[in-house]
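I have placed the structure first, in the form of structure tokens, so that the comments after it can refer back to it.
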Amino acid sequence: MTRVVIVDDHAMFRAGVRAELQGAAAPGTLDIVADAEDVPTAVTAIREHQPDVVLLDVHLPGGGGVEVMRQLGTTETRFLALSVSDAAEDVIGTIRGGARGYVTKTITGPELVDAIKRVAEGDAVFSPRLAGFVLDAFAGSIEVAAVDEDLDRLTEREREVMRLIARGYAYKEVAKELFISVKTVETHMSSVLRKLQLSSRHELTRWASDRRLL
């Protein structure tokens with residue numbers, strides 16, 4: 001039986017993943033031993049339960065998924081990133097931080113069960129498009145450092161809002177996706193434009209596209 005901890009800052013998403021896994025996995029094959037909402041609770045849960053696999057969100061309160069792996073140090077637990085973000089710098093940064101795989105939240109329940117089992121067995125698992133980012137990074141065709149320098153101006157939540165807006169989401173759609181209010185989306189968007197010295201959604205989309213963040 002594969003022991004799993006789910007780490008995500010949205011309680012509804014954690015509950016949804018738990019239900020999907022329990023519905024898609026064969027009886028007696030997966031044991032979801034705990035879940036956590038931020039870096040401190042994740043580190044505590046992983047140390048206590050010693051799971052085989054951690055489903056780890058990239059953007060978490062307290063420092064993000066990479067900080068969870070850094071604080072734990074050397075461990076036999078394997079990490080599979082499960083994130084709404086499919087941006088190159090998130091994928092590459094998370095793999096460099098120690099994750100064995102990276103899949104997006106569009107994955108189905110049966111696909112996620114398969115990914116967990118493969119990671120538990122030592123395989124590296126990526127959504128097809130994301131595997132290309134990792135290969136490009138090792139080939140030197142993505143300048144990750146330059147991308148990170150620009151994004152360092154933004155908070156984790158601002159990055160999430162930025163990517164969705166740049167992809168053409170309406171404010172209401174962003175609010176629903178991130179479980180925040182429309183007013184909060186507007187506040188984050190204003191901050192993003194100010195920090196990046198941009199004046200419109202159109203400029204933001206072009207900025208993000210140039211950096212392969214879409």
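Going by the structure tokens order, chains are called A, B, ..., each with residues numbered from 1, while ligands are numbered from 1 in the order shown.
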
For range 102-119 of chain A: contacts at 6 Å, only C-alpha atoms, fewer than 4 positions along chain excluded, given as a list in words: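 After dropping sequence-adjacent residues, the list is Glu20, Leu21, Ala24, Leu80, Ala81, Leu82, Ser83, Val84, Asp123, Phe126 and Ser127 of chain A.
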
Residue selection dump (N, CA, C and O atoms) as a PDB file, in the first residue's frame:
```pdb
ATOM      1  N   GLU A  20     -11.195  11.934  -5.155  1.00  0.00           N
ATOM      2  CA  GLU A  20     -10.810  11.395  -6.465  1.00  0.00           C
ATOM      3  C   GLU A  20      -9.913  10.171  -6.308  1.00  0.00           C
ATOM      4  O   GLU A  20     -10.087   9.155  -6.991  1.00  0.00           O
ATOM      5  N   LEU A  21      -8.923  10.277  -5.436  1.00  0.00           N
ATOM      6  CA  LEU A  21      -7.992   9.163  -5.251  1.00  0.00           C
ATOM      7  C   LEU A  21      -8.699   7.947  -4.660  1.00  0.00           C
ATOM      8  O   LEU A  21      -8.463   6.810  -5.087  1.00  0.00           O
ATOM      9  N   ALA A  24     -10.727   6.375  -7.433  1.00  0.00           N
ATOM     10  CA  ALA A  24     -10.026   5.835  -8.603  1.00  0.00           C
ATOM     11  C   ALA A  24      -9.070   4.696  -8.269  1.00  0.00           C
ATOM     12  O   ALA A  24      -8.759   3.869  -9.129  1.00  0.00           O
ATOM     13  N   LEU A  80       5.662  14.546  -5.538  1.00  0.00           N
ATOM     14  CA  LEU A  80       5.033  14.747  -6.840  1.00  0.00           C
ATOM     15  C   LEU A  80       4.298  16.080  -6.796  1.00  0.00           C
ATOM     16  O   LEU A  80       3.334  16.234  -6.044  1.00  0.00           O
ATOM     17  N   ALA A  81       4.766  17.063  -7.542  1.00  0.00           N
ATOM     18  CA  ALA A  81       4.106  18.370  -7.580  1.00  0.00           C
ATOM     19  C   ALA A  81       2.768  18.253  -8.302  1.00  0.00           C
ATOM     20  O   ALA A  81       2.681  17.663  -9.376  1.00  0.00           O
ATOM     21  N   LEU A  82       1.745  18.822  -7.702  1.00  0.00           N
ATOM     22  CA  LEU A  82       0.405  18.878  -8.290  1.00  0.00           C
ATOM     23  C   LEU A  82      -0.040  20.329  -8.201  1.00  0.00           C
ATOM     24  O   LEU A  82      -0.377  20.811  -7.125  1.00  0.00           O
ATOM     25  N   SER A  83      -0.003  21.040  -9.331  1.00  0.00           N
ATOM     26  CA  SER A  83      -0.163  22.490  -9.279  1.00  0.00           C
ATOM     27  C   SER A  83      -1.035  23.003 -10.411  1.00  0.00           C
ATOM     28  O   SER A  83      -1.104  22.408 -11.489  1.00  0.00           O
ATOM     29  N   VAL A  84      -1.682  24.146 -10.184  1.00  0.00           N
ATOM     30  CA  VAL A  84      -2.404  24.830 -11.249  1.00  0.00           C
ATOM     31  C   VAL A  84      -1.437  25.474 -12.229  1.00  0.00           C
ATOM     32  O   VAL A  84      -1.761  25.717 -13.387  1.00  0.00           O
ATOM     33  N   ASP A 123      10.068   6.235 -10.504  1.00  0.00           N
ATOM     34  CA  ASP A 123      10.018   6.859 -11.820  1.00  0.00           C
ATOM     35  C   ASP A 123       9.868   8.374 -11.698  1.00  0.00           C
ATOM     36  O   ASP A 123       9.398   8.891 -10.677  1.00  0.00           O
ATOM     37  N   PHE A 126       5.908  13.395 -15.550  1.00  0.00           N
ATOM     38  CA  PHE A 126       5.557  14.754 -15.946  1.00  0.00           C
ATOM     39  C   PHE A 126       4.373  14.735 -16.896  1.00  0.00           C
ATOM     40  O   PHE A 126       4.225  13.802 -17.694  1.00  0.00           O
ATOM     41  N   SER A 127       3.541  15.779 -16.815  1.00  0.00           N
ATOM     42  CA  SER A 127       2.605  16.014 -17.891  1.00  0.00           C
ATOM     43  C   SER A 127       3.414  16.266 -19.163  1.00  0.00           C
ATOM     44  O   SER A 127       4.497  16.865 -19.085  1.00  0.00           O
TER      45      SER A 127
END
```

Which of range 5-208 of chain A fall in helix (DSSP H, G or I), as a ChimeraX atom specification: /A:11-24,39-49,65-72,88-97,109-120,128-139,144-151,156-166,171-178,182-196,201-208

Distance of CA of Gln22 in chain A from CA of Val53 in chain A, expressed in Å to one decimal place: 15.2 Å

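Comparing the minimum interatomic distances between Val91 in chain A and each of A:Asp38, A:Asp152, A:Asp57, A:Asp31, counting only C-alpha atoms, we find that A:Asp57 sits nearest.
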
Gap from CA of Glu37 in chain A to CA of Val7 in chain A - Å, one decimal: 5.8 Å
